[in-house]
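Data file: start28.txt. Format and content: compact mmCIF, C-alpha atoms.
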# COMPACT_ATOMS: atom_id res chain seq x y z
CA MET A 258 184.82 101.13 111.35
CA LYS A 259 182.16 100.07 108.92
CA VAL A 260 183.13 97.34 106.54
CA THR A 261 181.55 97.25 103.11
CA VAL A 262 180.24 94.11 101.45
CA ASP A 263 183.08 94.24 98.91
CA ASP A 264 185.62 94.31 101.74
CA LEU A 265 183.92 91.29 103.25
CA HIS A 266 183.98 89.47 99.94
CA VAL A 267 187.73 89.97 99.53
CA LEU A 268 188.11 88.75 103.10
CA THR A 269 186.74 85.31 102.11
CA GLY A 270 190.24 83.95 101.41
CA SER A 271 191.69 85.21 104.69
CA TYR A 272 188.64 83.95 106.56
CA VAL A 273 189.09 80.46 105.15
CA LEU A 274 192.78 80.46 106.13
CA ASP A 275 191.92 81.63 109.68
CA ALA A 276 193.97 84.75 109.03
CA VAL A 277 191.33 87.17 110.33
CA SER A 278 190.73 88.60 113.79
CA ASP A 279 187.92 87.24 115.95
CA ALA A 280 185.87 90.38 115.32
CA GLU A 281 186.29 90.03 111.54
CA ARG A 282 185.43 86.34 111.75
CA GLU A 283 182.20 87.14 113.59
CA GLU A 284 181.26 89.86 111.16
CA PHE A 285 181.95 87.59 108.21
CA GLU A 286 179.88 84.79 109.69
CA ARG A 287 176.98 87.16 110.27
CA HIS A 288 177.16 88.17 106.62
CA LEU A 289 177.43 84.63 105.27
CA PRO A 290 173.77 83.52 105.54
CA HIS A 291 172.76 86.55 103.46
CA CYS A 292 175.25 85.94 100.69
CA PRO A 293 174.80 82.70 98.74
CA THR A 294 177.77 83.44 96.49
CA CYS A 295 180.10 84.04 99.48
CA ASP A 296 178.82 80.84 101.03
CA ALA A 297 179.57 78.85 97.88
CA GLU A 298 182.98 80.49 97.67
CA VAL A 299 183.77 79.59 101.28
CA ARG A 300 182.97 75.97 100.55
CA GLY A 301 185.21 75.86 97.48
CA LEU A 302 188.09 77.59 99.20
CA ARG A 303 187.72 75.42 102.30
CA GLU A 304 188.14 72.32 100.15
CA THR A 305 191.20 74.00 98.66
CA ALA A 306 192.66 74.73 102.10
CA ALA A 307 192.00 71.09 103.03
CA ARG A 308 194.25 70.08 100.14
CA LEU A 309 196.99 72.26 101.57
CA ALA A 310 196.61 70.32 104.81
CA LEU A 311 196.44 66.91 103.12
CA ALA A 312 199.67 67.77 101.34
CA CYS A 313 201.51 68.10 104.64
CA ALA A 314 200.14 64.98 106.33
CA VAL A 315 202.60 63.48 108.81
CA ASN A 316 202.15 60.25 110.70
CA PRO A 317 201.52 61.14 114.33
CA PRO A 318 203.36 59.29 117.10
CA ALA A 319 201.91 55.78 117.49
CA ARG A 320 200.98 56.38 121.14
CA MET A 321 198.43 58.96 120.07
CA GLU A 322 195.93 56.51 118.65
CA PRO A 323 195.29 54.43 121.82
CA GLN A 324 195.12 57.65 123.83
CA VAL A 325 192.51 59.22 121.55
CA LEU A 326 190.52 56.00 121.25
CA ALA A 327 190.50 55.63 125.03
CA ALA A 328 189.37 59.23 125.41
CA THR A 329 186.35 58.59 123.17
CA TYR A 330 185.03 56.18 125.79
CA ARG A 331 185.09 58.98 128.34
CA THR A 332 183.63 61.67 126.09
CA ARG A 333 179.98 62.35 125.57
CA GLN A 334 178.97 63.19 122.00
CA LEU A 335 176.90 66.18 120.97
CA PRO A 336 173.37 65.49 119.77
CA PRO A 337 172.57 66.49 116.16
CA LEU A 338 171.31 69.98 115.54
CA PRO A 339 167.65 70.15 114.58
CA ALA A 340 167.80 70.42 110.80
CA PRO A 341 164.67 71.86 109.18
CA GLY A 342 164.79 71.47 105.44
CA ARG A 343 167.42 68.76 105.27
CA VAL A 344 167.67 66.84 102.04
CA LEU A 345 165.60 63.72 102.22
CA HIS A 346 166.32 60.55 100.37
CA PHE A 347 164.22 60.15 97.36
CA PRO A 348 161.50 57.65 98.26
CA ARG A 349 160.73 59.53 101.46
CA ARG A 350 160.98 62.82 99.69
CA LEU A 351 158.62 61.66 96.98
CA ALA A 352 156.15 60.41 99.54
CA ILE A 353 156.31 63.70 101.39
CA LEU A 354 155.93 65.74 98.24
CA ALA A 355 152.97 63.69 97.18
CA ALA A 356 151.49 63.85 100.66
CA ALA A 357 152.09 67.59 100.84
CA ALA A 358 150.47 67.97 97.46
CA SER A 359 147.38 66.07 98.49
CA VAL A 360 147.21 67.91 101.79
CA ALA A 361 147.51 71.18 99.91
CA ALA A 362 144.79 70.03 97.55
CA ALA A 363 142.55 68.97 100.43
CA LEU A 364 143.15 72.24 102.21
CA ALA A 365 142.43 74.16 99.06
CA LEU A 366 139.12 72.33 98.73
CA GLY A 367 138.19 72.65 102.36
CA ILE A 368 138.98 76.28 102.81
CA THR A 369 135.91 78.50 103.12
CA GLN A 370 136.33 80.66 100.10
CA LEU A 371 137.42 78.85 97.01
CA THR A 372 139.04 81.84 95.39
CA ALA A 373 140.84 81.88 92.08
CA GLN A 374 144.12 81.76 93.97
CA HIS A 375 143.05 78.63 95.79
CA GLN A 376 142.00 77.00 92.57
CA LEU A 377 145.39 77.85 91.17
CA ASP A 378 147.14 76.36 94.20
CA GLN A 379 145.04 73.27 93.95
CA ALA A 380 145.78 72.86 90.27
CA ARG A 381 149.46 73.36 90.97
CA ALA A 382 149.47 70.86 93.82
CA THR A 383 147.74 68.30 91.64
CA ALA A 384 150.20 68.93 88.81
CA ILE A 385 153.14 68.52 91.17
CA ALA A 386 151.73 65.26 92.49
CA ARG A 387 151.28 64.06 88.92
CA VAL A 388 154.95 64.69 88.05
CA VAL A 389 156.49 63.16 91.17
CA THR A 390 154.34 60.05 90.87
CA ALA A 391 154.81 59.69 87.09
CA PRO A 392 156.18 56.27 86.09
CA ASP A 393 159.12 57.91 84.32
CA ALA A 394 159.87 60.41 87.13
CA HIS A 395 163.60 61.02 87.27
CA VAL A 396 165.38 62.73 90.15
CA ASP A 397 168.48 64.90 90.10
CA THR A 398 169.96 66.73 93.04
CA ALA A 399 172.59 69.45 93.15
CA ARG A 400 174.06 71.68 95.79
CA ALA A 401 172.89 75.25 95.74
CA ALA A 402 173.72 78.21 97.94
CA GLY A 403 174.45 76.20 101.03
CA GLY A 404 171.47 73.92 100.56
CA SER A 405 170.29 71.72 97.77
CA VAL A 406 167.94 71.67 94.86
CA THR A 407 166.07 68.57 93.76
CA VAL A 408 164.52 68.34 90.31
CA VAL A 409 161.98 65.61 89.58
CA THR A 410 161.35 65.42 85.84
CA SER A 411 158.80 63.52 83.84
CA VAL A 412 159.85 63.58 80.19
CA ALA A 413 156.49 62.11 79.20
CA LEU A 414 154.65 65.01 80.87
CA HIS A 415 157.28 67.61 79.79
CA GLU A 416 157.19 68.88 83.35
CA ALA A 417 159.64 69.19 86.19
CA VAL A 418 159.16 69.86 89.90
CA VAL A 419 161.90 71.98 91.40
CA SER A 420 162.25 71.85 95.17
CA THR A 421 164.87 73.48 97.30
CA SER A 422 165.95 72.96 100.83
CA GLY A 423 168.27 74.71 103.20
CA MET A 424 169.35 77.37 100.72
CA ALA A 425 170.84 80.54 102.22
CA SER A 426 168.21 83.19 102.87
CA LEU A 427 168.53 86.29 100.72
CA PRO A 428 168.56 89.92 101.75
CA SER A 429 165.26 91.72 101.23
CA GLY A 430 164.87 92.84 97.65
CA ARG A 431 166.42 89.62 96.28
CA VAL A 432 164.74 86.39 95.23
CA TYR A 433 165.73 83.04 93.82
CA GLN A 434 164.41 82.66 90.29
CA VAL A 435 164.17 79.35 88.44
CA TRP A 436 164.95 79.06 84.73
CA VAL A 437 164.46 76.42 82.09
CA MET A 438 167.64 76.74 80.08
CA SER A 439 167.86 75.36 76.56
CA PRO A 440 170.24 76.06 73.68
CA SER A 441 167.83 78.75 72.50
CA GLY A 442 167.96 80.65 75.81
CA ALA A 443 166.61 80.79 79.33
CA ARG A 444 162.92 80.99 80.16
CA SER A 445 161.65 81.86 83.61
CA ALA A 446 159.82 79.12 85.48
CA GLY A 447 158.98 81.45 88.35
CA LEU A 448 160.28 82.50 91.74
CA ILE A 449 160.99 80.19 94.63
CA GLN A 450 158.38 81.04 97.22
CA GLY A 451 157.22 77.87 98.86
CA SER A 452 159.00 74.57 98.79
CA SER A 453 158.25 73.43 95.25
CA LEU A 454 157.74 74.92 91.85
CA LEU A 455 156.47 73.42 88.64
CA ALA A 456 158.31 74.03 85.37
CA SER A 457 156.43 73.15 82.22
CA ALA A 458 157.41 72.54 78.60
CA VAL A 459 160.64 70.93 79.74
CA ARG A 460 162.48 68.84 77.18
CA PRO A 461 165.34 66.36 77.47
CA GLY A 462 168.63 68.25 77.24
CA ASP A 463 167.23 71.31 78.98
CA GLN A 464 168.72 72.41 82.26
CA ILE A 465 167.11 73.89 85.32
CA GLY A 466 169.03 76.88 86.64
CA ILE A 467 168.55 79.03 89.74
CA THR A 468 169.78 82.62 89.94
CA VAL A 469 169.55 85.42 92.48
CA GLU A 470 167.49 88.26 91.03
CA PRO A 471 165.88 91.50 92.18
CA ALA A 472 162.50 91.14 93.93
CA GLY A 473 159.76 90.32 91.43
CA GLY A 474 162.18 88.50 89.16
CA THR A 475 163.53 89.43 85.75
CA ALA A 476 162.86 88.46 82.15
CA ARG A 477 166.40 87.16 81.62
CA PRO A 478 168.93 85.83 84.14
CA THR A 479 171.24 88.65 85.26
CA THR A 480 173.57 86.69 87.56
CA THR A 481 175.54 83.48 87.41
CA PRO A 482 173.34 80.55 88.47
CA VAL A 483 173.84 79.28 92.01
CA ALA A 484 172.79 75.87 90.70
CA VAL A 485 172.33 74.17 87.35
CA VAL A 486 170.66 70.77 87.18
CA PRO A 487 170.44 68.85 83.91
CA VAL A 488 167.01 67.46 83.15
CA MET B 693 187.16 78.10 86.17
CA GLY B 694 190.46 77.02 84.61
CA GLY B 695 188.64 74.90 82.09
CA MET B 696 191.82 74.12 80.22
CA SER B 697 193.78 72.70 83.12
CA ARG B 698 191.12 70.39 84.47
CA PRO B 699 191.40 67.29 82.26
CA ASP B 700 195.08 66.59 82.92
CA ILE B 701 194.60 67.27 86.62
CA ARG B 702 191.91 64.62 86.76
CA GLN B 703 194.38 62.06 85.44
CA LEU B 704 196.71 62.82 88.32
CA GLN B 705 194.09 61.87 90.88
CA PRO B 706 195.20 58.95 93.01
CA GLU B 707 193.16 55.86 92.27
CA PRO B 708 191.19 55.57 95.52
CA ALA B 709 190.20 59.22 95.50
CA PRO B 710 186.62 58.80 94.24
CA GLU B 711 185.87 56.24 96.97
CA TYR B 712 187.52 58.19 99.74
CA GLU B 713 185.14 61.03 100.48
CA PRO B 714 181.76 59.28 100.40
CA ASP B 715 183.17 56.47 102.51
CA LEU B 716 184.47 58.85 105.16
CA ALA B 717 181.13 60.66 105.22
CA ALA B 718 179.35 57.36 105.82
CA GLN B 719 181.80 56.50 108.59
CA LEU B 720 181.11 59.85 110.25
CA VAL B 721 177.41 59.05 110.33
CA LEU B 722 178.27 55.85 112.21
CA VAL B 723 180.61 57.77 114.50
CA SER B 724 177.81 60.19 115.34
CA ARG B 725 175.86 57.15 116.62
CA GLY B 726 178.70 56.24 118.94
CA ASP B 727 180.39 53.62 116.76
CA HIS B 728 183.97 53.28 118.03
CA ARG B 729 185.07 51.01 115.18
CA ALA B 730 183.98 53.59 112.65
CA PHE B 731 185.93 56.17 114.60
CA GLU B 732 189.05 54.03 114.28
CA LEU B 733 188.66 54.17 110.51
CA VAL B 734 188.09 57.92 110.59
CA TYR B 735 191.15 58.25 112.82
CA GLY B 736 193.17 56.23 110.30
CA GLU B 737 192.20 58.58 107.48
CA LEU B 738 192.42 61.89 109.28
CA ALA B 739 195.05 61.61 112.01
CA GLY B 740 197.92 62.18 109.56
CA PRO B 741 196.54 65.32 107.90
CA VAL B 742 195.28 66.68 111.25
CA TYR B 743 198.63 66.14 112.98
CA GLY B 744 200.47 67.40 109.88
CA VAL B 745 198.64 70.70 109.63
CA VAL B 746 198.71 71.33 113.38
CA ARG B 747 202.43 70.64 113.46
CA GLN B 748 203.00 72.84 110.44
CA VAL B 749 201.47 75.76 112.33
CA LEU B 750 202.74 75.06 115.85
CA ARG B 751 206.12 73.45 115.05
CA ASP B 752 206.57 72.10 118.56
CA PRO B 753 205.97 68.30 118.41
CA ALA B 754 204.69 67.91 121.96
CA GLN B 755 202.28 70.79 121.68
CA SER B 756 201.19 69.59 118.23
CA GLU B 757 200.44 66.16 119.60
CA GLU B 758 198.31 67.65 122.35
CA VAL B 759 196.32 69.85 119.96
CA ALA B 760 195.93 67.07 117.38
CA GLN B 761 194.48 64.85 120.12
CA GLU B 762 192.02 67.56 121.06
CA VAL B 763 190.98 67.94 117.42
CA LEU B 764 190.48 64.21 116.87
CA LEU B 765 188.42 63.97 120.03
CA GLU B 766 186.42 66.97 118.81
CA ILE B 767 185.67 65.00 115.62
CA TRP B 768 184.31 62.20 117.80
CA ARG B 769 182.32 64.64 119.92
CA THR B 770 180.81 66.70 117.10
CA ALA B 771 180.41 64.05 114.36
CA SER B 772 176.63 64.64 114.42
CA ARG B 773 177.27 68.24 113.35
CA TYR B 774 179.07 67.25 110.17
CA ASP B 775 176.85 68.25 107.24
CA PRO B 776 177.78 66.66 103.88
CA ASP B 777 176.01 69.51 102.08
CA ARG B 778 178.57 71.90 103.47
CA GLY B 779 181.70 70.14 102.32
CA SER B 780 183.82 67.01 102.46
CA PRO B 781 184.64 65.30 105.76
CA ALA B 782 188.32 66.16 105.27
CA ALA B 783 187.54 69.85 104.80
CA TRP B 784 185.35 69.80 107.89
CA ALA B 785 187.96 68.09 110.06
CA LEU B 786 190.89 70.10 108.75
CA THR B 787 189.03 73.37 109.24
CA ILE B 788 188.65 72.41 112.91
CA ALA B 789 192.32 71.40 113.09
CA HIS B 790 193.72 74.53 111.50
CA ARG B 791 191.53 76.85 113.52
CA ARG B 792 192.46 75.09 116.76
CA ALA B 793 196.16 75.40 115.95
CA VAL B 794 195.83 79.08 115.06
CA ASP B 795 193.81 79.75 118.22
CA ARG B 796 196.61 78.16 120.25
CA VAL B 797 199.23 80.36 118.57
CA ARG B 798 197.19 83.51 119.12
CA ARG B 799 196.47 82.70 122.74
CA GLU B 800 200.13 82.10 123.45
CA ASN B 801 201.16 85.27 121.67
CA ALA B 802 198.64 87.20 123.72
CA CYS B 803 199.99 85.67 126.92
CA SER B 804 203.68 86.00 126.35
CA ARG B 805 203.55 89.16 124.23
CA ARG B 806 206.37 87.83 122.16
CA GLU B 807 205.19 89.67 119.13
CA GLN B 808 208.75 90.29 118.03
CA LYS B 809 208.89 86.67 117.11
CA ALA B 810 206.24 87.20 114.49
CA ALA B 811 208.46 89.76 112.82
CA GLU B 812 210.87 87.12 111.58
CA PRO B 813 209.64 85.23 108.58
CA GLU B 814 210.45 81.56 108.74
CA PRO B 815 210.66 79.32 105.72
CA ALA B 816 207.04 78.40 105.36
CA GLU B 817 207.31 74.72 104.81
CA ASP B 818 210.64 73.11 104.77
CA ASP B 819 211.49 71.97 108.27
CA VAL B 820 208.58 69.58 108.32
CA ALA B 821 209.08 68.71 104.70
CA GLU B 822 211.42 65.79 105.27
CA THR B 823 208.77 63.92 107.20
CA VAL B 824 206.17 64.57 104.55
CA ALA B 825 205.52 61.59 102.38
CA ALA B 826 205.95 62.45 98.72
CA THR B 827 202.27 61.94 98.10
CA LEU B 828 200.44 62.79 94.93
CA GLU B 829 198.53 65.37 96.90
CA HIS B 830 201.78 66.97 97.94
CA GLN B 831 203.09 67.04 94.36
CA ARG B 832 199.85 68.49 93.09
CA VAL B 833 199.74 71.23 95.69
CA ARG B 834 203.36 72.07 94.97
CA ARG B 835 202.75 72.17 91.23
CA CYS B 836 199.74 74.44 91.65
CA MET B 837 201.67 76.61 94.12
CA ASP B 838 204.29 77.03 91.41
CA GLY B 839 201.60 78.52 89.20
CA LEU B 840 200.98 81.38 91.64
CA THR B 841 202.73 84.71 91.70
CA GLY B 842 205.40 85.07 94.37
CA LEU B 843 203.22 87.33 96.48
CA GLN B 844 200.20 85.03 96.24
CA ARG B 845 202.32 82.02 97.22
CA GLU B 846 204.06 83.70 100.14
CA SER B 847 200.82 85.20 101.45
CA ILE B 848 199.04 81.85 101.42
CA LYS B 849 201.96 79.97 102.95
CA LEU B 850 202.49 82.48 105.72
CA ALA B 851 198.79 82.61 106.51
CA TYR B 852 198.00 78.90 106.29
CA TYR B 853 201.20 77.07 107.14
CA ASN B 854 202.52 79.57 109.66
CA GLY B 855 199.18 80.66 111.08
CA TYR B 856 199.79 84.38 110.68
CA SER B 857 196.92 86.85 110.43
CA TYR B 858 196.73 88.85 107.22
CA PRO B 859 197.96 92.05 108.96
CA GLN B 860 201.01 90.09 110.14
CA VAL B 861 201.51 88.73 106.63
CA ALA B 862 201.29 92.27 105.26
CA GLN B 863 203.90 93.42 107.75
CA LEU B 864 206.23 90.52 107.00
CA LEU B 865 206.01 91.05 103.26
CA GLY B 866 206.04 94.84 103.48
CA VAL B 867 202.88 95.34 101.47
CA ALA B 868 199.53 97.01 102.11
CA LEU B 869 196.77 95.18 104.01
CA GLY B 870 194.41 95.34 101.06
CA THR B 871 197.06 93.84 98.80
CA VAL B 872 197.51 90.82 101.06
CA LYS B 873 193.77 90.22 101.36
CA THR B 874 193.43 90.36 97.59
CA ARG B 875 196.47 88.15 96.91
CA ILE B 876 195.26 85.50 99.37
CA MET B 877 191.85 85.56 97.74
CA ASP B 878 192.91 85.37 94.11
CA GLY B 879 195.75 82.97 94.93
CA LEU B 880 193.35 80.55 96.63
CA ILE B 881 190.92 80.78 93.74
CA ARG B 882 193.74 79.94 91.37
CA MET B 883 194.76 76.99 93.57
CA ARG B 884 191.17 75.79 93.64
CA ASP B 885 190.88 75.86 89.88
CA CYS B 886 194.34 74.36 89.35
CA MET B 887 193.59 71.41 91.64
CA GLY B 888 190.15 70.86 90.16
CA VAL B 889 188.57 70.98 93.61
CA ALA B 890 184.95 69.90 93.55
CA TRP B 891 182.62 71.52 96.05
What does the file become when written as structure tokens?
Amino acid sequence: MKVTVDDLHVLTGSYVLDAVSDAEREEFERHLPHCPTCDAEVRGLRETAARLALACAVNPPARMEPQVLAATYRTRQLPPLPAPGRVLHFPRRLAILAAAASVAAALALGITQLTAQHQLDQARATAIARVVTAPDAHVDTARAAGGSVTVVTSVALHEAVVSTSGMASLPSGRVYQVWVMSPSGARSAGLIQGSSLLASAVRPGDQIGITVEPAGGTARPTTTPVAVVPV
Amino acid sequence: MGGMSRPDIRQLQPEPAPEYEPDLAAQLVLVSRGDHRAFELVYGELAGPVYGVVRQVLRDPAQSEEVAQEVLLEIWRTASRYDPDRGSPAAWALTIAHRRAVDRVRRENACSRREQKAAEPEPAEDDVAETVAATLEHQRVRRCMDGLTGLQRESIKLAYYNGYSYPQVAQLLGVALGTVKTRIMDGLIRMRDCMGVAW
């Protein structure tokens, strides 16, 4: 029996309450990495289910604690999973961004053919380095589609660097598009392709938004943003 | 998202709430490095909800104690896998606890084939209720539950507190499968918005 994406979406609630069969659970979990909105919904509903559990908290028998604590001394812990694209704390992140920018710039210079594209990359890398090392650089982070988005803004330069990490991968034909949103409307700042993107003409009070759009991007946002970060 | 109801819900938050989550997340990081003292703190915060939800599903105190112990040891064992980007420590731990309890129910049903038992709806909540502390969380959940339709409320209670699958819930309530799936979904969304859950 083939299950449609809509069926799977409605199943989110039952999935979160563990009210699905093992086969449905597996199918849902296969779908999840391709569906940022489902992923966000799962997180919200999981927190909700946790409240249902917190509401029925009961003190366990006192003997349980020494038993569990004793068992920890006999139980080996799992090592962490390798986490590519984890969120880094700011100073390290800044250093890495700046380092990546200079490496990119060096590469761009060193590469045999200095094509227009390379010049563009180099200019972009230099611009990114300028923003993240600006004296007034300000950092904001928000959760987005199972990962996070970090926005480094320099008001003095009117520029912002948008970097994402760990966001759910999209099905082919879909892209993440970044917007500078102001009271007068949303303006595209480009598509997320590599790790960082530079948004220009950013003013205080603007917001950076990320939406899922058809490949190639659109002129106006057509979906609800998966993340909005105030500048 | 229920914009109207949020402000007054915020006022109902218990005082320590803002400190609670980040602190527990930090403790879990220490636990993942083998810190037994940090685990004692985590145990202190989570043992009650873990035991409560397991007991709600399993009912049998001895069996609940056994499963709750397994879950708490699992928290010790897998602390390094907790990812703060994916939710609060409580949600992480209670997801493990609920799933473990439901797995136990399903395994036993499969063994003993006592499916008839599932045909009798039990009151979803009340026999454990007397041991439940009248916490703010409890009041808030109850108040938000009251805002659901009858079918939403019963579907969520039977699925979460009794550990029934949605086909079993549909059978118990005498409604179509699709209806139950939809009611669980929109009921949970309404609960989320009513409780002002951040995620």
**Item:** Distance criterion (only C-alpha atoms): nearest to chain B out of A:Ala394, A:Val437, A:Val406, A:Leu268
**Value:**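 Among the listed residues, A:Leu268 lies closest to chain B.
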**Item:** Contact set, chain B to chain A: 6 Å, all atoms listed in the file, as a PyMOL selection string
**Value:** chain B and resi 740-741+743-745+769-770+772-773+783+786+824+829-830+851-852+857-858+876-877+884+891
Store the residues of this selection in a file with C-alpha atoms, as a PDB file, keeping the file's coordinate frame.
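File produced: selection-v4.pdb:
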ATOM      1  CA  GLY B 740     197.920  62.180 109.560  1.00  0.00           C
ATOM      2  CA  PRO B 741     196.540  65.320 107.900  1.00  0.00           C
ATOM      3  CA  TYR B 743     198.630  66.140 112.980  1.00  0.00           C
ATOM      4  CA  GLY B 744     200.470  67.400 109.880  1.00  0.00           C
ATOM      5  CA  VAL B 745     198.640  70.700 109.630  1.00  0.00           C
ATOM      6  CA  ARG B 769     182.320  64.640 119.920  1.00  0.00           C
ATOM      7  CA  THR B 770     180.810  66.700 117.100  1.00  0.00           C
ATOM      8  CA  SER B 772     176.630  64.640 114.420  1.00  0.00           C
ATOM      9  CA  ARG B 773     177.270  68.240 113.350  1.00  0.00           C
ATOM     10  CA  ALA B 783     187.540  69.850 104.800  1.00  0.00           C
ATOM     11  CA  LEU B 786     190.890  70.100 108.750  1.00  0.00           C
ATOM     12  CA  VAL B 824     206.170  64.570 104.550  1.00  0.00           C
ATOM     13  CA  GLU B 829     198.530  65.370  96.900  1.00  0.00           C
ATOM     14  CA  HIS B 830     201.780  66.970  97.940  1.00  0.00           C
ATOM     15  CA  ALA B 851     198.790  82.610 106.510  1.00  0.00           C
ATOM     16  CA  TYR B 852     198.000  78.900 106.290  1.00  0.00           C
ATOM     17  CA  SER B 857     196.920  86.850 110.430  1.00  0.00           C
ATOM     18  CA  TYR B 858     196.730  88.850 107.220  1.00  0.00           C
ATOM     19  CA  ILE B 876     195.260  85.500  99.370  1.00  0.00           C
ATOM     20  CA  MET B 877     191.850  85.560  97.740  1.00  0.00           C
ATOM     21  CA  ARG B 884     191.170  75.790  93.640  1.00  0.00           C
ATOM     22  CA  TRP B 891     182.620  71.520  96.050  1.00  0.00           C
TER      23      TRP B 891
END
**Which residue of A:Leu455, A:Arg477, A:Thr410, A:Gly462 approaches Thr398 (chain A) most closely, using all atoms listed in the file** =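 Distance minimum relative to Thr398 (chain A) lands on A:Thr410.
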**Item:** Residue nearest Gly866 (chain B) among B:Val734, B:Leu843, B:Ala754, B:Ile788 (counting only C-alpha atoms)
**Value:**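 Distance minimum relative to Gly866 (chain B) lands on B:Leu843.
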Centre and edges of the region 269-285 of chain A box, axis-aligned, 6 Å extra per side, as AutoDock Vina command-line options:
--center_x 187.6 --center_y 85.4 --center_z 108.7 --size_x 24.7 --size_y 21.9 --size_z 26.5
**Asked** Could you work out how far CA of Leu289 (chain A) lies from CA of Ser429 (chain A), giving the answer in Å with one decimal?
**Response**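 Interatomic distance, CA of Ser429 (chain A) to CA of Leu289 (chain A): 14.7 Å.
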**Prompt:** Using only C-alpha atoms, which of A:Ala384, A:Val469, A:Ala484, A:Ala425 sits nearest Ser457 (chain A)?
**Reply:**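 Counting only C-alpha atoms, the residue closest to Ser457 (chain A) is A:Ala384.
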**Request:** Can you work out which one of A:Val486, A:Ala472, A:Ala458, A:Leu414 has the shortest atom-to-atom distance to Val396 (chain A), counting all atoms listed in the file?
**Result:** A:Val486
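You will find CA of Glu762 (chain B) at 24.9 Å from CA of Asp777 (chain B).
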**Request:** Between CA of Met438 (chain A) and CA of Ser426 (chain A), measure the distance and give it in Å to one decimal.
**Result:**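 About the pair CA of Met438 (chain A) and CA of Ser426 (chain A): they are 23.7 Å apart.
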**Request:** List the neighbours of Thr841 (chain B) out to 10 Å using all atoms listed in the file; skip same-chain residues closer than 4 positions along the sequence, and give me the result as a VMD selection string.
**Result:** chain B and resid 837 845 to 847 875 879
**Request:** Do a neighbour search on region 757-760 of chain B at 7 Å with only C-alpha atoms, toss out local chain neighbours closer than 3 positions, and write the hits as a list in words.
**Result:**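 Counting only C-alpha atoms, the residues come to Val742, Tyr743, Val746, Pro753, Ala754, Val763, Leu764 and Ala793 of chain B.
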**Prompt:** From the list A:Pro487, A:Pro440, A:Pro461, A:Gly430, which residue is nearest Gly474 (chain A) when using only C-alpha atoms?
**Reply:** A:Gly430
**Message:** Counting all atoms listed in the file, find residues at most 8 Å from (201.1, 75.3, 121.1) (file frame) and give them as a ChimeraX atom specification.
**Reply:** /B:750,752,755-756,759,793,796-797,800
